[in-house]
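So this one's work.cif, mmCIF, C-alpha atoms:
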```cif
data_model
#
loop_
_atom_site.label_atom_id
_atom_site.label_comp_id
_atom_site.auth_asym_id
_atom_site.auth_seq_id
_atom_site.Cartn_x
_atom_site.Cartn_y
_atom_site.Cartn_z
CA MET P 14 -12.94 28.89 29.14
CA VAL P 15 -13.17 26.01 26.66
CA SER P 16 -16.71 24.75 26.13
CA ASN P 17 -17.59 21.06 26.01
CA GLU P 18 -18.26 21.34 22.29
CA GLN P 19 -14.89 22.97 21.63
CA ARG P 20 -13.17 20.32 23.70
CA ARG P 21 -14.99 17.59 21.81
CA ARG P 22 -13.90 19.05 18.48
CA GLN P 23 -10.31 19.39 19.70
CA LEU P 24 -10.22 15.74 20.80
CA ALA P 25 -11.75 14.63 17.50
CA ARG P 26 -9.16 16.64 15.57
CA GLU P 27 -6.30 15.17 17.61
CA LYS P 28 -7.66 11.67 17.08
CA PHE P 29 -7.87 12.27 13.33
CA GLU P 30 -4.29 13.57 13.24
CA ARG P 31 -3.05 10.51 15.13
CA GLN P 32 -4.85 8.24 12.66
CA GLN P 33 -3.24 10.04 9.72
CA GLU P 34 0.19 9.72 11.30
CA ARG P 35 -0.32 5.99 11.83
CA ARG P 36 -1.52 5.53 8.26
CA GLU P 37 1.44 7.43 6.86
CA ALA P 38 3.82 5.36 9.00
CA ALA P 39 2.16 2.18 7.70
CA ARG P 40 2.51 3.41 4.11
CA ARG P 41 6.20 4.14 4.64
CA LYS P 42 6.72 0.69 6.12
CA ALA P 43 4.93 -0.95 3.17
CA ARG P 44 6.99 1.03 0.67
CA ARG P 45 10.22 0.00 2.41
CA ARG P 46 9.15 -3.65 2.45
CA ASN P 47 8.13 -3.77 -1.20
CA ALA P 48 11.27 -1.92 -2.25
CA VAL P 49 13.74 -4.17 -0.47
CA ILE P 50 14.42 -6.06 -3.71
CA ALA P 51 13.82 -3.12 -5.98
CA ALA P 52 15.22 -0.11 -4.16
CA GLY P 53 18.81 -0.23 -5.31
CA LEU P 54 17.81 -0.48 -8.94
CA ALA P 55 15.17 2.21 -8.63
CA VAL P 56 18.07 4.64 -8.47
CA VAL P 57 19.26 3.24 -11.78
CA VAL P 58 15.95 3.79 -13.52
CA ALA P 59 15.82 7.36 -12.23
CA ALA P 60 19.22 7.90 -13.81
CA GLY P 61 18.07 6.46 -17.12
CA ALA P 62 19.74 3.09 -16.70
CA THR P 63 18.46 -0.39 -15.99
CA ALA P 64 17.94 -1.71 -12.53
CA PHE P 65 15.67 -5.22 -7.53
CA ALA P 66 15.74 -4.65 -5.19
CA THR P 67 15.16 -4.80 -6.32
CA GLY P 68 15.89 -5.37 -5.69
CA ALA P 69 15.71 -3.42 -8.52
CA LEU P 70 18.17 -3.85 -4.38
CA SER P 71 20.14 0.48 -1.99
CA GLY P 72 17.82 2.96 -0.59
CA ASP P 73 14.35 3.53 0.73
CA SER P 74 11.54 3.86 -1.82
CA GLY P 75 10.17 6.56 0.43
CA LYS P 76 13.00 8.87 -0.66
CA GLY P 77 12.12 12.44 0.14
CA ASP P 78 9.80 11.55 3.04
CA LYS P 79 10.59 13.24 6.31
CA LYS P 80 11.56 10.92 9.12
CA ASP P 81 9.13 10.95 12.00
CA SER P 82 10.31 11.83 15.50
CA ALA P 83 10.56 8.19 16.56
CA ASP P 84 12.94 7.46 13.68
CA ALA P 85 14.99 10.55 14.39
CA ALA P 86 15.35 9.66 18.06
CA ALA P 87 16.28 6.04 17.46
CA PRO P 88 19.83 5.17 18.51
CA SER P 89 22.32 4.19 15.83
CA VAL P 90 22.74 0.46 15.23
CA THR P 91 26.14 -1.06 15.88
CA PRO P 92 26.95 -3.51 13.07
CA SER P 93 27.19 -7.12 14.13
CA ARG P 94 30.01 -8.57 12.07
CA GLY P 95 30.78 -12.22 11.91
CA PRO P 96 34.06 -13.50 10.51
CA ASP P 97 34.40 -13.58 6.75
CA PRO P 98 33.94 -17.25 5.80
CA CYS P 99 35.03 -16.81 2.19
CA ALA P 100 38.28 -17.17 0.29
CA LYS P 101 40.20 -14.61 -1.70
CA ALA P 102 38.76 -13.80 -5.12
CA ALA P 103 40.42 -15.03 -8.29
CA PRO P 104 42.36 -12.40 -10.26
CA GLY P 105 40.26 -10.43 -12.70
CA THR P 106 37.90 -7.49 -13.06
CA PRO P 107 34.21 -7.36 -13.98
CA ALA P 108 33.21 -6.80 -17.58
CA ALA P 109 32.18 -3.34 -18.74
CA LYS P 110 30.25 -4.44 -21.85
CA THR P 111 26.66 -3.43 -22.49
CA TRP P 112 24.20 -4.20 -25.28
CA LYS P 113 21.50 -2.04 -26.80
CA THR P 114 18.93 -4.80 -27.17
CA GLU P 115 17.97 -8.07 -25.54
CA PRO P 116 19.97 -10.98 -26.97
CA GLU P 117 18.48 -13.14 -29.69
CA MET P 118 16.54 -16.12 -28.36
CA THR P 119 18.70 -19.23 -28.46
CA VAL P 120 17.48 -21.32 -25.53
CA ASP P 121 15.47 -24.46 -26.13
CA THR P 122 12.37 -24.23 -23.97
CA SER P 123 12.01 -28.02 -24.02
CA ALA P 124 15.54 -28.59 -22.69
CA SER P 125 16.92 -28.55 -19.17
CA TYR P 126 19.43 -25.91 -18.14
CA ALA P 127 21.67 -25.78 -15.09
CA ALA P 128 24.08 -23.12 -13.91
CA LYS P 129 26.96 -22.92 -11.50
CA LEU P 130 28.22 -19.84 -9.76
CA ASP P 131 31.78 -20.55 -8.68
CA THR P 132 32.06 -18.08 -5.79
CA THR P 133 34.66 -17.28 -3.17
CA CYS P 134 32.29 -18.83 -0.62
CA GLY P 135 31.64 -22.07 -2.51
CA THR P 136 29.76 -23.27 -5.57
CA ILE P 137 26.12 -22.26 -5.87
CA ASP P 138 24.29 -24.74 -8.09
CA LEU P 139 21.18 -23.61 -9.93
CA THR P 140 18.49 -25.10 -12.14
CA LEU P 141 16.97 -22.71 -14.70
CA ASP P 142 13.36 -22.87 -15.90
CA ALA P 143 13.51 -22.07 -19.61
CA ALA P 144 9.94 -23.26 -20.18
CA LYS P 145 8.37 -20.76 -17.76
CA ALA P 146 10.82 -17.86 -18.12
CA PRO P 147 12.43 -18.26 -21.56
CA HIS P 148 13.59 -14.67 -22.08
CA THR P 149 15.04 -14.41 -18.60
CA VAL P 150 16.89 -17.72 -18.88
CA ASN P 151 18.05 -16.79 -22.38
CA SER P 152 19.51 -13.54 -21.04
CA PHE P 153 21.16 -15.28 -18.07
CA ASN P 154 22.67 -17.84 -20.43
CA PHE P 155 23.89 -15.13 -22.79
CA LEU P 156 25.46 -13.00 -20.06
CA SER P 157 27.13 -16.03 -18.49
CA GLY P 158 28.62 -16.97 -21.87
CA GLN P 159 29.92 -13.43 -22.26
CA GLY P 160 31.68 -13.60 -18.90
CA TYR P 161 29.48 -10.75 -17.69
CA PHE P 162 29.04 -12.21 -14.20
CA ASP P 163 32.68 -13.22 -13.76
CA HIS P 164 34.53 -11.33 -10.98
CA THR P 165 31.34 -9.56 -9.87
CA THR P 166 30.50 -8.99 -6.21
CA CYS P 167 27.21 -10.03 -4.63
CA HIS P 168 26.60 -6.60 -3.19
CA ARG P 169 23.48 -6.93 -1.06
CA LEU P 170 22.30 -9.16 1.76
CA THR P 171 18.98 -8.65 3.51
CA THR P 172 18.35 -10.04 6.97
CA ASP P 173 15.47 -7.68 7.59
CA PRO P 174 12.88 -8.15 10.34
CA SER P 175 10.20 -7.55 7.71
CA GLN P 176 11.00 -11.13 6.66
CA ILE P 177 12.95 -10.68 3.46
CA PHE P 178 16.02 -12.88 3.28
CA VAL P 179 17.96 -12.66 0.01
CA LEU P 180 21.42 -12.32 -1.46
CA GLN P 181 21.55 -10.04 -4.51
CA CYS P 182 24.16 -10.47 -7.25
CA GLY P 183 24.71 -9.79 -10.96
CA ASP P 184 25.96 -6.20 -10.89
CA PRO P 185 29.41 -5.59 -12.43
CA LYS P 186 29.59 -2.27 -10.59
CA GLY P 187 28.87 -3.87 -7.22
CA THR P 188 26.70 -0.92 -6.24
CA GLY P 189 23.18 -1.95 -7.29
CA MET P 190 23.41 0.40 -10.27
CA GLY P 191 24.88 -1.85 -12.95
CA ASP P 192 22.97 -3.24 -15.92
CA PRO P 193 23.59 -4.86 -19.32
CA GLY P 194 22.04 -1.99 -21.28
CA TYR P 195 18.70 -3.67 -22.03
CA ARG P 196 15.55 -4.45 -20.09
CA LEU P 197 13.60 -7.69 -19.79
CA LYS P 198 9.86 -8.08 -19.54
CA ASP P 199 8.53 -9.84 -16.46
CA GLU P 200 7.76 -13.55 -16.76
CA ASN P 201 6.25 -16.31 -14.69
CA LEU P 202 4.69 -13.98 -12.11
CA LYS P 203 1.68 -16.27 -11.76
CA ASP P 204 3.81 -19.22 -10.74
CA PRO P 205 1.92 -20.97 -7.91
CA ALA P 206 5.13 -21.00 -5.87
CA VAL P 207 5.08 -17.20 -5.44
CA LYS P 208 1.49 -16.15 -6.06
CA ASP P 209 0.64 -15.93 -2.35
CA GLY P 210 3.26 -13.29 -1.67
CA VAL P 211 6.02 -15.55 -0.39
CA TYR P 212 9.16 -16.41 -2.34
CA PRO P 213 10.21 -19.79 -0.91
CA ALA P 214 13.75 -20.52 0.19
CA GLY P 215 15.75 -21.67 -2.82
CA THR P 216 14.04 -19.34 -5.31
CA LEU P 217 16.17 -17.68 -7.99
CA ALA P 218 14.50 -14.47 -9.23
CA MET P 219 15.21 -11.25 -11.07
CA ALA P 220 15.65 -7.94 -9.33
CA ASN P 221 13.90 -4.96 -10.89
CA ALA P 222 12.86 -1.36 -10.37
CA GLY P 223 9.26 -1.84 -11.43
CA PRO P 224 7.34 -3.74 -14.10
CA ASP P 225 9.40 -4.94 -17.07
CA THR P 226 12.71 -3.45 -15.91
CA GLY P 227 14.78 -6.61 -15.37
CA GLY P 228 18.43 -6.46 -16.35
CA SER P 229 21.31 -8.53 -15.04
CA GLN P 230 20.77 -8.38 -11.30
CA PHE P 231 19.19 -11.36 -9.60
CA PHE P 232 18.56 -12.55 -6.08
CA LEU P 233 18.84 -15.86 -4.27
CA VAL P 234 16.36 -16.55 -1.47
CA TYR P 235 17.96 -18.33 1.49
CA LYS P 236 14.84 -18.29 3.70
CA ASP P 237 11.13 -17.89 2.90
CA SER P 238 10.60 -14.20 2.14
CA LYS P 239 7.46 -12.08 2.09
CA LEU P 240 7.46 -10.40 -1.30
CA ALA P 241 4.70 -9.45 -3.70
CA PRO P 242 4.86 -11.59 -6.89
CA ASN P 243 6.53 -8.83 -8.90
CA PHE P 244 9.93 -10.42 -9.52
CA THR P 245 10.42 -13.03 -12.24
CA PRO P 246 11.20 -16.43 -10.70
CA PHE P 247 13.36 -18.28 -13.20
CA GLY P 248 15.04 -21.11 -11.34
CA LYS P 249 15.98 -22.75 -8.08
CA VAL P 250 19.05 -23.07 -5.89
CA GLY P 251 20.31 -26.61 -5.37
CA PRO P 252 21.12 -28.26 -2.00
CA GLU P 253 24.82 -27.42 -2.07
CA GLY P 254 24.05 -23.89 -3.11
CA MET P 255 21.69 -23.47 -0.17
CA LYS P 256 24.49 -24.47 2.20
CA VAL P 257 26.65 -21.74 0.70
CA LEU P 258 23.86 -19.16 0.97
CA ARG P 259 23.24 -20.00 4.62
CA LYS P 260 26.96 -19.67 5.36
CA ILE P 261 26.94 -16.22 3.78
CA ALA P 262 23.79 -15.21 5.68
CA ALA P 263 25.22 -16.47 8.98
CA ALA P 264 28.11 -14.02 8.65
CA GLY P 265 25.60 -11.15 8.66
CA GLU P 266 25.49 -7.87 6.80
CA ARG P 267 27.90 -5.02 7.20
CA GLN P 268 25.67 -2.10 8.22
CA GLY P 269 23.89 -3.86 11.05
CA GLY P 270 20.48 -2.65 9.92
CA GLY P 271 19.38 -5.78 8.09
CA ASP P 272 20.02 -4.51 4.56
CA GLY P 273 23.45 -3.85 3.12
CA ALA P 274 26.66 -5.40 1.89
CA PRO P 275 27.33 -8.86 3.31
CA ASN P 276 30.17 -9.34 5.77
CA ALA P 277 31.20 -12.30 3.65
CA THR P 278 33.23 -11.31 0.61
CA VAL P 279 31.02 -12.92 -2.03
CA VAL P 280 32.61 -12.73 -5.47
CA VAL P 281 31.49 -14.79 -8.47
CA ASN P 282 34.76 -16.00 -9.93
CA LYS P 283 33.00 -17.76 -12.81
CA ALA P 284 29.41 -18.31 -13.97
CA ALA P 285 28.55 -21.05 -16.42
CA VAL P 286 25.33 -22.48 -17.87
CA THR P 287 24.97 -25.99 -19.30
CA LYS P 288 22.20 -27.56 -21.35
CA SER P 289 21.07 -31.17 -21.05
#
```
Can you present the structure in this file as structure tokens?
Amino acid sequence: MVSNEQRRRQLAREKFERQQERREAARRKARRRNAVIAAGLAVVVAAGATAFATGALSGDSGKGDKKDSADAAAPSVTPSRGPDPCAKAAPGTPAAKTWKTEPEMTVDTSASYAAKLDTTCGTIDLTLDAAKAPHTVNSFNFLSGQGYFDHTTCHRLTTDPSQIFVLQCGDPKGTGMGDPGYRLKDENLKDPAVKDGVYPAGTLAMANAGPDTGGSQFFLVYKDSKLAPNFTPFGKVGPEGMKVLRKIAAAGERQGGGDGAPNATVVVNKAAVTKS
């Protein structure tokens, strides 16, 4: 017969185990949320290459964790696919060039820079902040001039219930594993616009796989997104560009789980930067 003291200890042990399970589940959820912009590129770093998320944006940062019983029992999600609102891509293939070091600084931090991504879904207009993120803008300008972004696919769309809403682009491989061969240091992380853990709609930022691992991949925020200020904000999306982003987002993502390739066929036919 079980004594009252033994029963009390058993209940206490069971309560402790439940608390540990809840804490571990919360940690897994936090890792998934913080990796949504970095996860895809984390694979790159592990392989010795440059990244989001971020993006750094294709797996769970909790790689290797066992799924709990609730996850295992969950039914599969049927993808919700909207019609593809985009046109056929222009002829051409992405560049395969890489560089050993970051390009020489050529941007004028006192000047204004704008960029246009001519995509299959419409033109995405951008303003670049060379004063606050000079190395990042310099790299973006350099890669655009090299045709690095031309014919690349925007490979990741997040529509996640954890409130991250971004389109990720800039990978010639279209897998989340492409990079230009060099890494960029983080910049502008104390920008008041992102310091409270929200990247506002219209933010242009770098994907990464951790501190100072930026490469070529970037993300465009189409709706306010809860993200720690770990991703260099280096510009903004213009009004016409936001219309294009919302059209892409409205078509949904292919896997049906809130994080995957967009249903829209988003290809950057041409990227160009201008100085004024």
Atom-to-atom span, atom CA of Gly265 of chain P and atom CA of Ala108 of chain P, Å: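 Taking atom CA of Gly265 of chain P and atom CA of Ala108 of chain P, their separation equals 27.7 Å.
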Hits of the PyMOL selection byres ((chain P and resi 164) around 7) in this structure, as number ranges by chain: P: 105-107, 162-163, 165-166, 280-283
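Counting only C-alpha atoms, the residue from P:Ala274, P:Ala241, P:Val234, P:Leu141 that sits nearest to Lys129 of chain P is P:Leu141.
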Point-to-point distance from atom CA of Asp142 of chain P to atom CA of Pro275 of chain P, Å rounded to tenths: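 Atom CA of Pro275 of chain P lies at a distance of 27.6 Å from atom CA of Asp142 of chain P.
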Test item: which residues lie within 10 Å of (40.6, -18.4, -1.4) counting all atoms listed in the file, as a PyMOL selection string: chain P and resi 98-103+132-135
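With distances restricted to all atoms listed in the file, P:Tyr235 is the closest residue to Leu170 of chain P from P:Pro224, P:Thr287, P:Tyr235, P:Thr122.
Distance-wise, atom CA of Glu115 of chain P and atom CA of His168 of chain P end up 24.0 Å apart.
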Option closest in space to Gly273 of chain P, from P:Phe155, P:Pro116, P:Ala109, P:Arg169 [counting all atoms listed in the file]: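 Selected residue with least distance to Gly273 of chain P: P:Arg169.
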Need to verify the contact set: Lys249 of chain P, 7 Å, all atoms listed in the file, exclusion of same-chain residues closer than 3 positions in sequence. Can you return it as a PDB file with C-alpha atoms, in the coordinates of the input?
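The resulting file, around_17.pdb, is shown below:
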```
ATOM      1  CA  LEU P 139      21.180 -23.610  -9.930  1.00  0.00           C
ATOM      2  CA  THR P 140      18.490 -25.100 -12.140  1.00  0.00           C
ATOM      3  CA  LEU P 141      16.970 -22.710 -14.700  1.00  0.00           C
ATOM      4  CA  GLY P 215      15.750 -21.670  -2.820  1.00  0.00           C
ATOM      5  CA  THR P 216      14.040 -19.340  -5.310  1.00  0.00           C
ATOM      6  CA  LEU P 217      16.170 -17.680  -7.990  1.00  0.00           C
TER       7      LEU P 217
END
```
Evaluate the PyMOL selection byres ((chain P and resi 138) around 10) here and jot the selected residues down as a PDB file with C-alpha atoms, keeping the file's coordinate frame.
```
ATOM      1  CA  ALA P 127      21.670 -25.780 -15.090  1.00  0.00           C
ATOM      2  CA  ALA P 128      24.080 -23.120 -13.910  1.00  0.00           C
ATOM      3  CA  LYS P 129      26.960 -22.920 -11.500  1.00  0.00           C
ATOM      4  CA  LEU P 130      28.220 -19.840  -9.760  1.00  0.00           C
ATOM      5  CA  ASP P 131      31.780 -20.550  -8.680  1.00  0.00           C
ATOM      6  CA  GLY P 135      31.640 -22.070  -2.510  1.00  0.00           C
ATOM      7  CA  THR P 136      29.760 -23.270  -5.570  1.00  0.00           C
ATOM      8  CA  ILE P 137      26.120 -22.260  -5.870  1.00  0.00           C
ATOM      9  CA  LEU P 139      21.180 -23.610  -9.930  1.00  0.00           C
ATOM     10  CA  THR P 140      18.490 -25.100 -12.140  1.00  0.00           C
ATOM     11  CA  LYS P 249      15.980 -22.750  -8.080  1.00  0.00           C
ATOM     12  CA  VAL P 250      19.050 -23.070  -5.890  1.00  0.00           C
ATOM     13  CA  GLY P 251      20.310 -26.610  -5.370  1.00  0.00           C
ATOM     14  CA  PRO P 252      21.120 -28.260  -2.000  1.00  0.00           C
ATOM     15  CA  GLU P 253      24.820 -27.420  -2.070  1.00  0.00           C
ATOM     16  CA  GLY P 254      24.050 -23.890  -3.110  1.00  0.00           C
ATOM     17  CA  MET P 255      21.690 -23.470  -0.170  1.00  0.00           C
ATOM     18  CA  VAL P 257      26.650 -21.740   0.700  1.00  0.00           C
TER      19      VAL P 257
END
```
Expected selection from the PyMOL selection byres ((chain P and resi 238) around 9), given as a VMD selection string: chain P and resid 175 to 179 210 to 214 234 to 237 239 to 240
Using only C-alpha atoms: which of P:Ala144, P:Thr171, P:Asp209, P:Arg196 has the shortest distance to Ala263 of chain P: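 When distances to Ala263 of chain P are compared using only C-alpha atoms, the smallest one comes from P:Thr171.
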Listed atoms of segment 210-219 of chain P boxed axis-aligned with 6 Å per side, centre + edges as JSON:
```
{"center_x": 9.7, "center_y": -16.5, "center_z": -5.4, "size_x": 24.9, "size_y": 22.4, "size_z": 23.3}
```
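Remark: for Asp272 of chain P, the closest of the candidate residues P:Thr119, P:Thr188, P:Phe247, P:Thr172 is P:Thr172 (distances computed over all atoms listed in the file).
In this comparison, which uses only C-alpha atoms, the residue of P:Phe153, P:Phe232, P:Trp112, P:Tyr195 approaching Leu258 of chain P most closely is P:Phe232.
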If I only have part of segment 156-170 of chain P, can you fill in N, CA, C and O atoms and write it as a compact mmCIF listing (two decimals), keeping the file's coordinate frame?
```
# COMPACT_ATOMS: atom_id res chain seq x y z
N LEU P 156 24.53 -13.78 -20.88
CA LEU P 156 25.46 -13.00 -20.06
C LEU P 156 26.53 -13.89 -19.45
O LEU P 156 27.71 -13.49 -19.37
N SER P 157 26.14 -15.10 -19.04
CA SER P 157 27.13 -16.03 -18.49
C SER P 157 28.17 -16.38 -19.55
O SER P 157 29.38 -16.41 -19.27
N GLY P 158 27.71 -16.64 -20.78
CA GLY P 158 28.62 -16.97 -21.87
C GLY P 158 29.55 -15.83 -22.23
O GLY P 158 30.66 -16.05 -22.72
N GLN P 159 29.11 -14.61 -21.98
CA GLN P 159 29.92 -13.43 -22.26
C GLN P 159 30.90 -13.10 -21.13
O GLN P 159 31.66 -12.15 -21.23
N GLY P 160 30.84 -13.89 -20.05
CA GLY P 160 31.68 -13.60 -18.90
C GLY P 160 31.25 -12.39 -18.11
O GLY P 160 32.01 -11.84 -17.31
N TYR P 161 30.00 -11.98 -18.31
CA TYR P 161 29.48 -10.75 -17.69
C TYR P 161 29.45 -10.85 -16.17
O TYR P 161 29.69 -9.86 -15.47
N PHE P 162 29.14 -12.04 -15.65
CA PHE P 162 29.04 -12.21 -14.20
C PHE P 162 30.38 -12.51 -13.53
O PHE P 162 30.49 -12.45 -12.31
N ASP P 163 31.38 -12.84 -14.33
CA ASP P 163 32.68 -13.22 -13.76
C ASP P 163 33.32 -12.04 -13.02
O ASP P 163 33.32 -10.90 -13.52
N HIS P 164 33.83 -12.31 -11.83
CA HIS P 164 34.53 -11.33 -10.98
C HIS P 164 33.60 -10.26 -10.41
O HIS P 164 34.07 -9.23 -9.94
N THR P 165 32.29 -10.52 -10.45
CA THR P 165 31.34 -9.56 -9.87
C THR P 165 31.10 -9.89 -8.40
O THR P 165 31.17 -11.03 -7.98
N THR P 166 30.77 -8.85 -7.64
CA THR P 166 30.50 -8.99 -6.21
C THR P 166 29.00 -9.09 -5.96
O THR P 166 28.22 -8.33 -6.55
N CYS P 167 28.60 -10.01 -5.10
CA CYS P 167 27.21 -10.03 -4.63
C CYS P 167 27.11 -8.93 -3.57
O CYS P 167 27.63 -9.08 -2.46
N HIS P 168 26.47 -7.84 -3.93
CA HIS P 168 26.60 -6.60 -3.19
C HIS P 168 25.58 -6.39 -2.09
O HIS P 168 25.72 -5.45 -1.30
N ARG P 169 24.55 -7.22 -2.01
CA ARG P 169 23.48 -6.93 -1.06
C ARG P 169 22.98 -8.19 -0.37
O ARG P 169 22.69 -9.20 -1.01
N LEU P 170 22.88 -8.10 0.95
CA LEU P 170 22.30 -9.16 1.76
C LEU P 170 21.22 -8.54 2.63
O LEU P 170 21.44 -7.52 3.28
```
